[in-house]
Each structure stands twice: as C-alpha cells, then as structure tokens.
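J.: start34.txt is the file, holding compact mmCIF, C-alpha atoms:
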```txt
# COMPACT_ATOMS: atom_id res chain seq x y z
CA MET F 216 -265.24 25.11 -11.79
CA ILE F 217 -267.08 27.98 -13.50
CA VAL F 218 -268.61 25.54 -15.97
CA THR F 219 -269.87 23.36 -13.16
CA GLU F 220 -271.47 26.31 -11.40
CA LYS F 221 -273.26 27.45 -14.54
CA LEU F 222 -274.46 23.91 -15.16
CA ILE F 223 -275.95 23.75 -11.64
CA ALA F 224 -277.72 27.11 -12.08
CA PHE F 225 -279.19 25.95 -15.36
CA VAL F 226 -280.53 22.76 -13.83
CA LEU F 227 -282.17 24.68 -10.96
CA THR F 228 -283.84 27.11 -13.37
CA ILE F 229 -285.24 24.24 -15.37
CA GLN F 230 -286.55 22.59 -12.21
CA LEU F 231 -288.26 25.86 -11.10
CA LEU F 232 -289.96 26.23 -14.42
CA THR F 233 -291.19 22.66 -14.43
CA THR F 234 -292.94 23.13 -11.10
CA VAL F 235 -295.39 25.65 -12.62
CA HIS F 236 -298.72 24.00 -13.38
CA VAL F 237 -299.82 24.77 -16.86
CA ASP F 238 -302.95 23.08 -18.25
CA CYS F 239 -302.17 23.78 -21.87
CA LYS F 240 -299.64 22.89 -24.51
CA PRO F 241 -297.25 25.34 -26.19
CA CYS F 242 -297.98 26.42 -29.74
CA THR F 243 -296.24 24.36 -32.31
CA LYS F 244 -297.27 26.48 -35.25
CA SER F 245 -295.56 29.45 -36.82
CA GLY F 246 -295.42 32.76 -34.88
CA SER F 247 -298.10 34.40 -36.97
CA GLU F 248 -300.56 31.67 -36.22
CA CYS F 249 -299.89 31.35 -32.51
CA GLN F 250 -301.89 33.61 -30.08
CA GLN F 251 -301.08 34.59 -26.58
CA VAL F 252 -302.55 32.33 -23.93
CA ARG F 253 -303.32 33.71 -20.58
CA MET F 254 -303.92 31.66 -17.51
CA SER F 255 -304.25 32.44 -13.82
CA LEU F 256 -301.36 31.42 -11.62
CA ILE F 257 -303.67 31.05 -8.59
CA SER F 258 -307.31 30.09 -8.93
CA ASN F 259 -310.24 29.09 -6.72
CA ASN F 260 -312.82 26.43 -7.12
CA LEU F 261 -314.89 28.72 -9.26
CA GLN F 262 -312.11 28.78 -11.79
CA ALA F 263 -311.72 32.56 -11.44
CA PRO F 264 -308.30 34.22 -11.43
CA LEU F 265 -307.35 35.49 -7.98
CA VAL F 266 -303.88 36.96 -8.25
CA ALA F 267 -302.50 37.36 -11.84
CA GLU F 268 -302.19 35.91 -15.28
CA LEU F 269 -298.98 34.42 -16.86
CA ASP F 270 -298.20 34.89 -20.51
CA ILE F 271 -296.95 31.32 -21.43
CA THR F 272 -296.05 32.12 -25.04
CA SER F 273 -293.91 35.04 -24.03
CA MET F 274 -292.23 32.99 -21.36
CA ASN F 275 -291.49 30.21 -23.88
CA GLN F 276 -289.90 32.68 -26.19
CA GLN F 277 -287.76 34.14 -23.42
CA LEU F 278 -286.74 30.65 -22.29
CA LYS F 279 -285.77 29.66 -25.81
CA ALA F 280 -283.77 32.87 -26.25
CA TYR F 281 -282.00 32.26 -22.93
CA ILE F 282 -281.12 28.73 -23.93
CA ASP F 283 -279.94 29.74 -27.41
CA ASP F 284 -278.06 32.87 -26.47
CA ASP F 285 -276.73 32.49 -23.01
CA ILE F 286 -276.65 28.85 -22.06
CA LYS F 287 -275.78 27.46 -25.51
CA SER F 288 -272.89 29.84 -26.09
CA THR F 289 -271.48 29.54 -22.59
CA PHE F 290 -272.19 25.87 -22.10
CA SER F 291 -271.06 24.81 -25.60
CA ASP F 292 -267.65 26.39 -25.32
CA ASP F 293 -267.09 25.02 -21.84
CA VAL F 294 -268.37 21.60 -22.77
CA GLN F 295 -266.18 21.54 -25.89
CA ASP F 296 -263.14 22.56 -23.85
CA MET F 297 -263.96 19.97 -21.24
CA VAL F 298 -264.45 17.24 -23.95
CA LYS F 299 -261.25 18.24 -25.64
CA ASN F 300 -259.32 18.08 -22.38
CA GLU F 301 -260.85 14.74 -21.61
CA GLN F 302 -259.92 13.48 -25.07
CA GLU F 303 -256.35 14.64 -24.69
CA GLN F 304 -256.08 12.98 -21.28
CA LEU F 305 -257.64 9.82 -22.72
CA LYS F 306 -255.22 9.82 -25.64
CA THR F 307 -252.28 10.30 -23.33
CA SER F 308 -253.49 7.55 -21.04
CA MET F 309 -254.14 5.18 -23.98
CA LEU F 310 -250.76 5.99 -25.54
CA ASP F 311 -248.97 5.32 -22.28
CA ASP F 312 -250.87 2.09 -21.81
CA TYR F 313 -250.16 1.04 -25.46
CA SER F 314 -246.48 1.88 -25.08
CA SER F 315 -246.31 -0.14 -21.88
CA LYS F 316 -248.03 -3.11 -23.53
CA LEU F 317 -245.92 -2.73 -26.70
CA ASN F 318 -242.74 -2.79 -24.65
CA GLY F 319 -243.93 -5.91 -22.88
CA THR F 320 -244.90 -7.54 -26.18
CA LYS F 321 -241.55 -6.64 -27.81
CA LYS F 322 -239.66 -8.20 -24.95
CA GLU F 323 -241.71 -11.38 -25.23
CA TYR F 324 -241.28 -11.34 -29.03
CA ASP F 325 -237.52 -10.84 -28.72
CA LYS F 326 -237.39 -13.65 -26.21
CA LYS F 327 -239.37 -15.99 -28.47
CA MET F 328 -237.28 -15.05 -31.52
CA SER F 329 -234.14 -15.71 -29.52
CA ASN F 330 -235.49 -19.13 -28.56
CA ILE F 331 -236.42 -19.88 -32.18
CA VAL F 332 -232.98 -18.84 -33.47
CA GLN F 333 -231.35 -20.95 -30.78
CA ASN F 334 -233.50 -23.95 -31.75
CA ILE F 335 -232.65 -23.44 -35.45
CA GLU F 336 -228.95 -23.23 -34.68
CA ASP F 337 -229.17 -26.40 -32.57
CA LYS F 338 -231.04 -28.22 -35.36
CA GLN F 339 -228.59 -26.93 -38.00
CA GLU F 340 -225.68 -28.26 -36.01
CA LYS F 341 -227.48 -31.58 -35.63
CA ILE F 342 -228.22 -31.71 -39.38
CA GLN F 343 -224.59 -30.96 -40.21
CA LEU F 344 -223.54 -33.81 -37.99
CA GLU F 345 -226.03 -36.13 -39.70
CA ILE F 346 -224.81 -34.97 -43.18
CA SER F 347 -221.22 -35.63 -42.18
CA GLU F 348 -222.25 -39.09 -41.06
CA VAL F 349 -224.07 -39.68 -44.36
CA TYR F 350 -221.00 -38.54 -46.35
CA LYS F 351 -218.86 -40.87 -44.31
CA ASN F 352 -221.23 -43.78 -44.95
CA LEU F 353 -221.36 -42.92 -48.69
CA SER F 354 -217.59 -42.89 -48.91
CA GLU F 355 -217.42 -46.26 -47.24
CA SER F 356 -220.17 -47.62 -49.52
CA GLU F 357 -218.41 -46.25 -52.65
CA PHE F 358 -215.16 -47.89 -51.60
CA ASN F 359 -216.93 -51.19 -50.97
CA TYR F 360 -218.83 -50.88 -54.29
CA ASN F 361 -215.63 -50.18 -56.25
CA THR F 362 -213.97 -53.13 -54.56
CA GLU F 363 -216.90 -55.42 -55.45
CA ILE F 364 -216.97 -54.16 -59.06
CA THR F 365 -213.25 -54.74 -59.42
CA ASP F 366 -213.63 -58.25 -58.06
CA LEU F 367 -216.58 -58.91 -60.38
CA LEU F 368 -214.72 -57.60 -63.44
CA SER F 369 -211.71 -59.66 -62.56
CA GLY F 370 -213.87 -62.76 -62.17
CA PHE F 371 -215.78 -61.95 -65.38
CA GLU F 372 -212.57 -61.54 -67.39
CA HIS F 373 -211.30 -64.80 -66.00
CA ARG F 374 -214.56 -66.58 -66.85
CA GLN F 375 -214.59 -64.91 -70.28
CA GLU F 376 -211.13 -66.21 -71.06
CA SER F 377 -212.16 -69.65 -69.87
CA LEU F 378 -215.30 -69.49 -72.01
CA LYS F 379 -213.29 -68.40 -75.05
CA LEU F 380 -210.89 -71.28 -74.59
CA ALA F 381 -213.77 -73.72 -74.18
CA MET F 382 -215.58 -72.38 -77.27
CA LEU F 383 -212.35 -72.41 -79.28
CA SER F 384 -211.69 -75.97 -78.25
CA GLU F 385 -215.22 -77.01 -79.16
CA TYR F 386 -215.00 -75.16 -82.49
CA LEU F 387 -211.70 -76.87 -83.34
CA THR F 388 -213.24 -80.23 -82.51
CA LYS F 389 -216.26 -79.56 -84.75
CA LEU F 390 -213.99 -78.19 -87.46
CA GLN F 391 -211.90 -81.35 -87.36
CA LYS F 392 -215.04 -83.48 -87.57
CA SER F 393 -216.35 -81.37 -90.46
CA GLN F 394 -213.04 -81.63 -92.25
CA ASP F 395 -213.03 -85.40 -91.85
CA TYR F 396 -216.63 -85.52 -93.10
CA ASN F 397 -215.78 -83.30 -96.09
CA ASN F 398 -212.74 -85.41 -96.90
CA ASN F 399 -214.92 -88.50 -96.92
CA LYS F 400 -217.51 -86.73 -99.11
CA ILE F 401 -214.77 -85.58 -101.50
CA ASN F 402 -213.39 -89.06 -101.72
CA ASP F 403 -216.86 -90.46 -102.38
CA LEU F 404 -217.53 -87.74 -104.94
CA ALA F 405 -214.22 -88.44 -106.66
CA SER F 406 -215.10 -92.10 -106.85
CA ASP F 407 -218.55 -91.28 -108.25
CA LEU F 408 -217.03 -88.88 -110.79
CA LYS F 409 -214.53 -91.50 -111.91
CA SER F 410 -217.34 -93.99 -112.34
CA GLN F 411 -219.55 -91.46 -114.15
CA PHE F 412 -216.67 -90.37 -116.33
CA ALA F 413 -216.00 -93.97 -117.32
CA ASN F 414 -219.71 -94.45 -118.14
CA LEU F 415 -219.82 -91.11 -119.94
CA SER F 416 -216.80 -92.04 -122.00
CA GLN F 417 -218.47 -95.25 -123.07
CA GLU F 418 -221.76 -93.47 -123.78
CA LEU F 419 -219.97 -90.66 -125.60
CA ASP F 420 -218.13 -93.12 -127.78
CA GLY F 421 -221.48 -94.62 -128.75
CA LYS F 422 -223.07 -91.21 -129.37
CA ILE F 423 -220.10 -90.00 -131.38
CA THR F 424 -220.34 -93.06 -133.53
CA ALA F 425 -224.08 -92.54 -134.03
CA TYR F 426 -223.60 -88.80 -134.64
CA LEU F 427 -220.95 -89.48 -137.26
CA GLN F 428 -223.29 -91.90 -138.96
CA ILE F 429 -226.10 -89.30 -138.95
CA GLN F 430 -223.75 -86.62 -140.25
CA ARG F 431 -222.55 -88.94 -142.95
CA LYS F 432 -226.15 -89.64 -143.98
CA GLU F 433 -227.11 -85.93 -143.93
CA LEU F 434 -224.01 -85.08 -145.92
CA GLU F 435 -225.00 -87.61 -148.53
CA GLU F 436 -228.52 -86.15 -148.67
CA TRP F 437 -227.07 -82.66 -148.95
CA ARG F 438 -224.89 -83.78 -151.83
CA ILE F 439 -227.91 -85.23 -153.59
CA ASN F 440 -230.01 -82.09 -152.95
CA LEU F 441 -227.15 -79.88 -154.09
CA THR F 442 -226.84 -81.85 -157.29
CA GLU F 443 -230.60 -81.53 -157.88
CA SER F 444 -230.47 -77.84 -157.02
CA LEU F 445 -227.63 -77.25 -159.43
CA ASN F 446 -229.51 -79.09 -162.09
CA ASP F 447 -232.63 -77.04 -161.31
CA THR F 448 -230.58 -73.83 -161.37
CA GLU F 449 -229.12 -74.70 -164.73
CA SER F 450 -232.58 -75.23 -166.15
CA HIS F 451 -234.11 -72.15 -164.46
CA LYS F 452 -231.14 -69.81 -164.15
CA ASP F 453 -233.15 -66.72 -165.20
CA ARG F 454 -236.19 -67.38 -162.91
CA LYS F 455 -236.69 -65.34 -159.62
CA ASN F 456 -239.64 -66.33 -157.47
CA ARG F 457 -241.37 -63.34 -155.84
CA ASP F 458 -243.15 -65.40 -153.16
CA CYS F 459 -243.94 -68.93 -152.04
CA THR F 460 -246.79 -69.13 -154.53
CA ASP F 461 -244.30 -68.73 -157.38
CA ILE F 462 -242.01 -71.36 -155.81
CA GLU F 463 -244.85 -73.87 -155.66
CA LYS F 464 -246.09 -73.15 -159.18
CA ASN F 465 -242.62 -73.23 -160.75
CA SER F 466 -241.46 -76.41 -159.05
CA TYR F 467 -241.53 -79.61 -161.00
CA LYS F 468 -242.05 -81.65 -157.83
CA THR F 469 -243.99 -81.56 -154.57
CA LEU F 470 -242.25 -79.33 -152.03
CA GLY F 471 -242.35 -79.45 -148.24
CA SER F 472 -242.90 -76.54 -145.88
CA GLY F 473 -239.73 -74.73 -144.87
CA VAL F 474 -237.43 -71.80 -145.54
CA TYR F 475 -237.02 -70.69 -149.15
CA LYS F 476 -235.43 -67.80 -151.01
CA ILE F 477 -237.73 -65.26 -152.64
CA TYR F 478 -237.32 -61.91 -154.42
CA PRO F 479 -240.29 -59.71 -153.39
CA ASP F 480 -239.10 -56.75 -155.51
CA ASP F 481 -237.66 -59.06 -158.22
CA ARG F 482 -234.15 -57.91 -157.31
CA ASN F 483 -233.22 -58.43 -153.63
CA LEU F 484 -233.16 -61.88 -152.09
CA VAL F 485 -235.13 -62.49 -148.87
CA LYS F 486 -235.56 -65.69 -146.88
CA ALA F 487 -239.19 -66.63 -146.30
CA TYR F 488 -241.00 -69.49 -144.61
CA CYS F 489 -243.33 -71.24 -147.06
CA ASP F 490 -246.34 -73.32 -145.98
CA MET F 491 -246.71 -75.88 -148.73
CA SER F 492 -249.37 -78.06 -147.07
CA THR F 493 -252.25 -75.88 -145.79
CA ASN F 494 -255.19 -75.73 -148.19
CA GLY F 495 -253.12 -76.40 -151.30
CA GLY F 496 -249.88 -74.73 -150.13
CA GLY F 497 -248.08 -71.78 -151.69
CA TRP F 498 -248.52 -69.61 -148.58
CA THR F 499 -245.89 -66.99 -147.64
CA VAL F 500 -245.91 -66.83 -143.84
CA ILE F 501 -245.82 -63.24 -142.50
CA GLN F 502 -246.28 -63.99 -138.77
CA LYS F 503 -245.76 -67.07 -136.59
CA ARG F 504 -246.04 -67.48 -132.80
CA PHE F 505 -246.12 -70.72 -130.84
CA ASP F 506 -243.70 -70.66 -127.84
CA GLY F 507 -243.10 -67.03 -126.77
CA SER F 508 -239.39 -67.16 -127.62
CA VAL F 509 -239.53 -63.82 -129.51
CA ASP F 510 -240.61 -60.50 -128.00
CA PHE F 511 -243.10 -58.84 -130.38
CA ASN F 512 -243.19 -55.46 -128.59
CA ARG F 513 -240.80 -53.90 -131.12
CA LYS F 514 -240.09 -50.44 -132.53
CA TRP F 515 -241.22 -49.07 -135.88
CA LEU F 516 -238.09 -49.88 -137.91
CA GLU F 517 -237.98 -53.45 -136.58
CA CYS F 518 -241.61 -53.97 -137.59
CA GLU F 519 -240.86 -52.40 -140.97
CA ASN F 520 -237.86 -54.63 -141.78
CA GLY F 521 -238.94 -57.75 -139.88
CA PHE F 522 -237.62 -59.47 -136.75
CA GLY F 523 -237.35 -62.89 -135.13
CA ASN F 524 -236.17 -66.28 -136.34
CA ILE F 525 -237.42 -67.39 -139.77
CA ASP F 526 -237.26 -71.02 -138.55
CA GLY F 527 -239.21 -70.14 -135.37
CA GLU F 528 -241.25 -67.12 -134.29
CA PHE F 529 -241.00 -64.01 -136.49
CA TRP F 530 -242.64 -60.98 -138.11
CA PHE F 531 -241.92 -60.90 -141.86
CA GLY F 532 -241.79 -57.08 -142.16
CA ASN F 533 -244.28 -54.41 -143.26
CA ASN F 534 -242.08 -53.32 -146.14
CA TYR F 535 -242.04 -56.82 -147.67
CA MET F 536 -245.79 -57.23 -147.08
CA HIS F 537 -246.43 -53.99 -148.97
CA THR F 538 -244.08 -54.98 -151.81
CA LEU F 539 -245.78 -58.35 -152.28
CA THR F 540 -249.41 -57.19 -151.96
CA ALA F 541 -248.73 -54.24 -154.27
CA SER F 542 -247.56 -56.64 -157.01
CA GLY F 543 -250.92 -58.43 -157.34
CA LYS F 544 -254.08 -59.65 -155.65
CA TYR F 545 -253.49 -61.53 -152.40
CA GLU F 546 -255.57 -63.37 -149.83
CA LEU F 547 -254.85 -63.64 -146.08
CA ARG F 548 -255.26 -66.72 -143.91
CA ILE F 549 -254.87 -66.75 -140.10
CA ASP F 550 -254.73 -70.10 -138.30
CA MET F 551 -255.10 -70.02 -134.49
CA VAL F 552 -255.24 -72.35 -131.50
CA ASP F 553 -257.08 -71.09 -128.40
CA LYS F 554 -256.42 -71.87 -124.73
CA SER F 555 -258.70 -74.92 -124.98
CA ASN F 556 -256.50 -76.27 -127.81
CA LYS F 557 -259.30 -75.64 -130.28
CA LYS F 558 -258.22 -74.74 -133.83
CA LYS F 559 -259.79 -71.72 -135.55
CA TYR F 560 -259.13 -69.88 -138.80
CA ALA F 561 -260.08 -66.72 -140.66
CA VAL F 562 -259.65 -66.15 -144.41
CA TYR F 563 -259.86 -62.75 -146.17
CA LYS F 564 -259.94 -62.88 -149.99
CA ARG F 565 -258.95 -59.22 -150.13
CA PHE F 566 -255.77 -58.18 -148.36
CA SER F 567 -253.12 -55.53 -148.96
CA ILE F 568 -250.72 -53.31 -147.00
CA GLY F 569 -250.04 -49.67 -147.94
CA ASP F 570 -246.60 -48.13 -148.34
CA ALA F 571 -244.46 -46.34 -145.72
CA ALA F 572 -246.02 -42.97 -146.58
CA SER F 573 -249.47 -44.31 -145.67
CA LYS F 574 -248.04 -45.87 -142.47
CA TYR F 575 -248.64 -49.34 -143.92
CA GLY F 576 -252.42 -48.99 -143.75
CA LEU F 577 -254.52 -52.18 -143.74
CA THR F 578 -257.05 -53.14 -146.43
CA VAL F 579 -258.98 -56.33 -145.69
CA GLY F 580 -262.33 -57.86 -146.68
CA ASP F 581 -264.38 -60.85 -147.95
CA TYR F 582 -264.18 -62.91 -144.76
CA SER F 583 -264.80 -66.64 -144.31
CA GLY F 584 -263.90 -69.08 -141.53
CA ASN F 585 -264.90 -69.98 -137.94
CA ALA F 586 -262.72 -67.57 -135.89
CA GLY F 587 -264.93 -64.51 -136.39
CA ASP F 588 -264.60 -61.49 -138.70
CA LEU F 589 -262.71 -59.23 -136.30
CA LEU F 590 -260.26 -57.61 -138.71
CA LYS F 591 -263.14 -55.72 -140.33
CA HIS F 592 -262.94 -53.34 -137.32
CA HIS F 593 -259.30 -52.62 -138.23
CA ASN F 594 -259.85 -52.13 -141.96
CA GLY F 595 -258.43 -48.83 -143.20
CA TYR F 596 -256.35 -48.08 -140.07
CA LYS F 597 -252.62 -47.35 -139.95
CA PHE F 598 -249.95 -49.48 -138.31
CA SER F 599 -248.61 -48.34 -134.90
CA ALA F 600 -245.54 -49.35 -132.89
CA ARG F 601 -244.50 -48.45 -129.36
CA ASP F 602 -242.33 -45.54 -130.65
CA GLN F 603 -244.74 -44.34 -133.38
CA ASP F 604 -248.39 -43.69 -132.56
CA ASN F 605 -250.60 -43.68 -135.68
CA ASP F 606 -253.95 -44.67 -134.14
CA ILE F 607 -256.76 -42.22 -133.38
CA TYR F 608 -256.98 -43.10 -129.69
CA ASP F 609 -255.82 -40.44 -127.20
CA ARG F 610 -252.99 -42.76 -126.13
CA ASN F 611 -250.54 -44.98 -128.00
CA CYS F 612 -252.35 -48.34 -128.15
CA ALA F 613 -249.20 -50.20 -129.27
CA ALA F 614 -247.34 -49.00 -126.16
CA LEU F 615 -250.39 -49.43 -123.93
CA TYR F 616 -251.02 -53.07 -124.93
CA GLU F 617 -247.38 -53.90 -125.74
CA GLY F 618 -247.97 -55.03 -129.32
CA PRO F 619 -247.59 -53.36 -132.74
CA TRP F 620 -250.80 -53.62 -134.79
CA TRP F 621 -253.35 -51.82 -136.95
CA HIS F 622 -255.04 -50.17 -133.96
CA HIS F 623 -258.30 -48.25 -134.29
CA GLY F 624 -260.04 -45.68 -132.09
CA GLY F 625 -260.69 -48.19 -129.31
CA CYS F 626 -257.28 -49.83 -129.80
CA TYR F 627 -258.32 -53.32 -130.97
CA HIS F 628 -260.95 -56.01 -131.41
CA ALA F 629 -258.29 -58.58 -132.23
CA ASN F 630 -254.53 -58.39 -131.68
CA ILE F 631 -252.29 -61.45 -132.00
CA ASN F 632 -249.09 -59.37 -131.66
CA ARG F 633 -249.59 -58.75 -127.94
CA PRO F 634 -247.20 -60.40 -125.42
CA PHE F 635 -247.28 -64.20 -125.56
CA GLY F 636 -250.11 -65.48 -123.39
CA LYS F 637 -252.15 -62.27 -123.92
CA MET F 638 -252.89 -62.65 -127.65
CA GLN F 639 -256.56 -62.03 -128.43
CA TRP F 640 -259.04 -63.12 -131.12
CA ASN F 641 -262.48 -63.83 -129.72
CA GLY F 642 -260.72 -64.86 -126.50
CA ALA F 643 -257.20 -65.83 -125.56
CA ILE F 644 -254.98 -67.34 -128.25
CA SER F 645 -251.97 -69.60 -127.59
CA ARG F 646 -250.69 -70.05 -131.17
CA SER F 647 -251.08 -68.11 -134.41
CA VAL F 648 -249.88 -68.13 -138.05
CA MET F 649 -250.58 -65.33 -140.57
CA MET F 650 -249.85 -66.13 -144.24
CA ILE F 651 -250.63 -64.66 -147.63
CA ARG F 652 -251.06 -66.21 -151.05
CA LYS F 653 -251.33 -64.74 -154.50
CA ILE F 654 -254.72 -65.30 -156.10
```
Represent the structure contained in this file as structure tokens.

T.:
Amino acid sequence: MIVTEKLIAFVLTIQLLTTVHVDCKPCTKSGSECQQVRMSLISNNLQAPLVAELDITSMNQQLKAYIDDDIKSTFSDDVQDMVKNEQEQLKTSMLDDYSSKLNGTKKEYDKKMSNIVQNIEDKQEKIQLEISEVYKNLSESEFNYNTEITDLLSGFEHRQESLKLAMLSEYLTKLQKSQDYNNNKINDLASDLKSQFANLSQELDGKITAYLQIQRKELEEWRINLTESLNDTESHKDRKNRDCTDIEKNSYKTLGSGVYKIYPDDRNLVKAYCDMSTNGGGWTVIQKRFDGSVDFNRKWLECENGFGNIDGEFWFGNNYMHTLTASGKYELRIDMVDKSNKKKYAVYKRFSIGDAASKYGLTVGDYSGNAGDLLKHHNGYKFSARDQDNDIYDRNCAALYEGPWWHHGGCYHANINRPFGKMQWNGAISRSVMMIRKI
C-alpha cells in the first residue's frame, strides 16, 4: 500500500513538472560547460519578464537528485519486493498447476500401461495356445512321417530282395550260357590243337630229318677243317699271329671274313673279327654296329677291355688297340652307311692309340675318302667314358651324349659310339665299321 502511494505521488510530480512551458533544451554537455539559463515564468507580448525567472539547470539537477536518491532507493526496494512476491506466487501457482496436470497425466499413463499389459497378456495366452496347437500338429505329422518311412523301407527291402533274386537268376542264366559257350570253344580248341599237333608232328619229323642231314654235313665239314687245321698247326706250330694282317699274310690259301684267334702282345690269345675282303683284306675290326643289339654307353673298364659280341656288334677294347698300334705302323678305315642307305668311308694312313697312362689318346692323320675328314678335330684328345671324364669341356661329354669317344672341347664333330640311331658323321649314320691294318 505504501509503495502504491509513493508511486502515485511520483507520477503527479512528474505531471506537474511537464506542464511548465520551457522553450529551451537542457544541457547535454559536462557540468563545466553548461551555463545557467534563466527564463521568465510569466511574460507579456513584449517578451519582457513580468513576475520571476526560473533556473532550469538547477531544477534539472534537483530533479535528477530526487530521482536518484529518494525515488530510486525507495521505489527500487519496493518494486523488487513486489516482483519477488509476484514471482513466488507465480512459482507456487505454476507448481500447483504442474502437479495437478502431472497427477492427471500419471493416471492416464497408468491406465494406458495397464491396458497395454492386459493386451500383451491376452496376446501371450493366444500365442501359447497357437504354439500348443502347432506342437500337436507337429507330433501328428512326425507320427505320420515315421509311419510312411517305415512303410517305404519295408516296401524297399521287399523290392530289393525281389531285385536281388531277379538279378541272381539272370546272372545264373548268363553264366550257364557262358559256360556252355566256353565248353564249345574248349572243345573246338581241343580239336584244333589235335589237328595242329598232328600237322606239327609231321612237319617236325620232316624238319628233324633235314636238320640231321644238315648237322651231318656240317660235322663232315668240321672234320675236314679240323684235319686241315691240325695239318696247318703241325707245319706252323711256333707261329703266333698278332693281328688279322698276319693271319692273311701267313695263310697259304684265301681266307674268308670271320672270327680268328690273334695274339696282340705275342702271348695272350684274343678272338678278333677279321675282314678279309675289303680293299685287299687283312683288317682287324675294332668296332662294328649295324642293328643296335649292343648298348655302347659303357664304363671305362668295359671300354678298356672290350664289350659286345665278336660275331655281332662290339668294341674291341682300348687296351688291345694300344697294344697293336704300338707294335708297328697302322692305318684306320671307317666304312659307314647313312640314313639314305648311301655308303661312305674315311681312311687315315696314320693311326695309333696311347697307353692307359695317357688315357688312350688318339693320334690320327693323312685322310682320304668321301665321308669327310672329321677325326682331325679329335686328334690328340683323350678317351672319355660316362664314369671317367677326360675331355676339356666343362661337362662330361661321354655322359652327356651317351657314348664313349675321344671328345674335344666342344664334345665332338663325329661320334659313331652314340646310342644306335643317333650316331653322327656328317649327318646321321645307321651302320658303321672301324678296322685297322698294319702297313
């Protein structure tokens, strides 16, 4: 009530002051710059003061001081108290209203939650009923399925047994037919064998008779040859031929090519194949290849002592070649047949083989013939085998090309000791004969 009264008094004072007519504006500058302005409160038409003059600046200062000191302090406290009270009342009113609304909302929420829970419980009960029904249907389906499976298995086993019996019956029928067929074949075969045996017996009797005649003839020839040989031995009992050249020179008759006995070191007997027809005969054969029946990819000792069949393919032996060529001057002849069945030959008037210490080194020269002078590239080189590398190549040429030979730094220009079908001398060679003869 006191605040209201003061507020009314303040408003009236302001209204009284605003009714005064002042034809000037208050000073807005600092106090030192502002000057007092005097004006008459009552004036006539001559603009002359009639009653008194009012000091506006002083009144402004007093009004400002009144507002700052009296009104501001009094009014501010009262207004603040009034605002605070109003705020408290507003808070209380809002809190009551919020509580009332919150209570109403909670009741509605509880009611809705109760309805939701009830609906969930109803649906859960319904779902449980449906699950029970599904379990019941599954049980019935399982029982029906097991029954059908049992029936199917029973029917399958029955059909399986029937099928086995049918297959067994069919198999026995076919087996019986096959047995009858085999019996007929055996009977036919027995008949054929009896017939063939009878024919064979007749043919064999004829062949045996012919064979005995041939044997009788050969035996007679052997007897004659033996008699001549004994006679020749008696007349030449102290003679030992070192090679085929000696055999030809010392024979009193023309000899045919074949196997003869020689004594390369004048002491030990060695069988050698002598060519008595080529270019005057007297050739001691040191290598022969024509059908591939002998493997020439041999080790060092085999090449040293010789290998193969003296009546077929063979290598005479490095040791015997050295012994012969060291006993005198020899020439070498190589006869070849190429893949086109063309005959070629190479003759070297100078030929010798070194001893074991020199690794049976090759010396060859003075070529003639139509095969090509290819051994000149091997002159002076040592002999190599698959288990002894004596060439100057970074690998073992004899092992690399599967043939023992006098290999040089590039392995070979000619090599007729390679596997059969791969022999080389200015192309592929299918047959070869190496032979030496004393000059």

J.: Would you list the contacts of Ser542 in chain F as a list in words, taking every protein, DNA or RNA residue within 12 Å and counting only C-alpha atoms, but skipping same-chain residues closer than 5 positions in sequence?

T.: Arg457, Asp458, Tyr478, Pro479, Asp480, Asp481, Tyr535, Met536, His537, Ser567, Ile568, Gly569, Arg652, Lys653 and Ile654 of chain F

J.: Could you give me, as a list in words, the residues within 8 Å of Lys554 in chain F, counting all atoms listed in the file and dropping anything in the same chain fewer than 2 positions from it?

T.: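 Returned residues: Val552, Asn556, Lys557, Ala643, Ile644 and Ser645 of chain F.
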
J.: To one decimal place in Å, what is the distance between CA of Glu617 in chain F and CA of Glu517 in chain F?

T.: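 Between these atoms lies a distance of 14.4 Å.
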
J.: For a quick check of understanding, using all atoms listed in the file, which of F:Tyr616, F:Trp621, F:Tyr475, F:Tyr563 has the smallest distance to Leu577 in chain F?

T.: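 Nearest candidate to Leu577 in chain F out of F:Tyr616, F:Trp621, F:Tyr475, F:Tyr563: F:Trp621.
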
J.: Grab the CA of Asp403 in chain F to CA of Lys389 in chain F distance for me, in Å with one decimal place.

T.: 20.7 Å

J.: Quick check, in Å to one decimal: how far apart do CA of Asp602 in chain F and CA of Gly576 in chain F lie?

T.: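 Interatomic distance, CA of Asp602 in chain F to CA of Gly576 in chain F: 16.9 Å.
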
J.: Name all residues at most 10 Å from His628 in chain F (count only C-alpha atoms; drop same-chain ones fewer than 5 positions away) and give them as a compact mmCIF listing (two decimals) with C-alpha atoms, in the frame of the given file.

T.:
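What landed in part.txt:
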```txt
# COMPACT_ATOMS: atom_id res chain seq x y z
CA ASP F 588 -264.60 -61.49 -138.70
CA LEU F 589 -262.71 -59.23 -136.30
CA LEU F 590 -260.26 -57.61 -138.71
CA LYS F 591 -263.14 -55.72 -140.33
CA HIS F 592 -262.94 -53.34 -137.32
CA HIS F 593 -259.30 -52.62 -138.23
CA HIS F 622 -255.04 -50.17 -133.96
CA HIS F 623 -258.30 -48.25 -134.29
CA GLN F 639 -256.56 -62.03 -128.43
CA TRP F 640 -259.04 -63.12 -131.12
CA ASN F 641 -262.48 -63.83 -129.72
```

J.: Closest to Gly507 in chain F among F:Gly471, F:Gly523, F:Gly532, F:Gly580, using all atoms listed in the file?

T.: F:Gly523

J.: Using only C-alpha atoms, collect all residues at a distance of at most 7 Å from (-245.7, -49.0, -142.4) as written in the file, then present them as a list of chain:residue names.

T.: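 Result, sorted by chain then residue number: F:Glu519, F:Asn533, F:Asn534, F:Asp570, F:Ala571, F:Ser573, F:Lys574, F:Tyr575, F:Gly576, F:Phe598.
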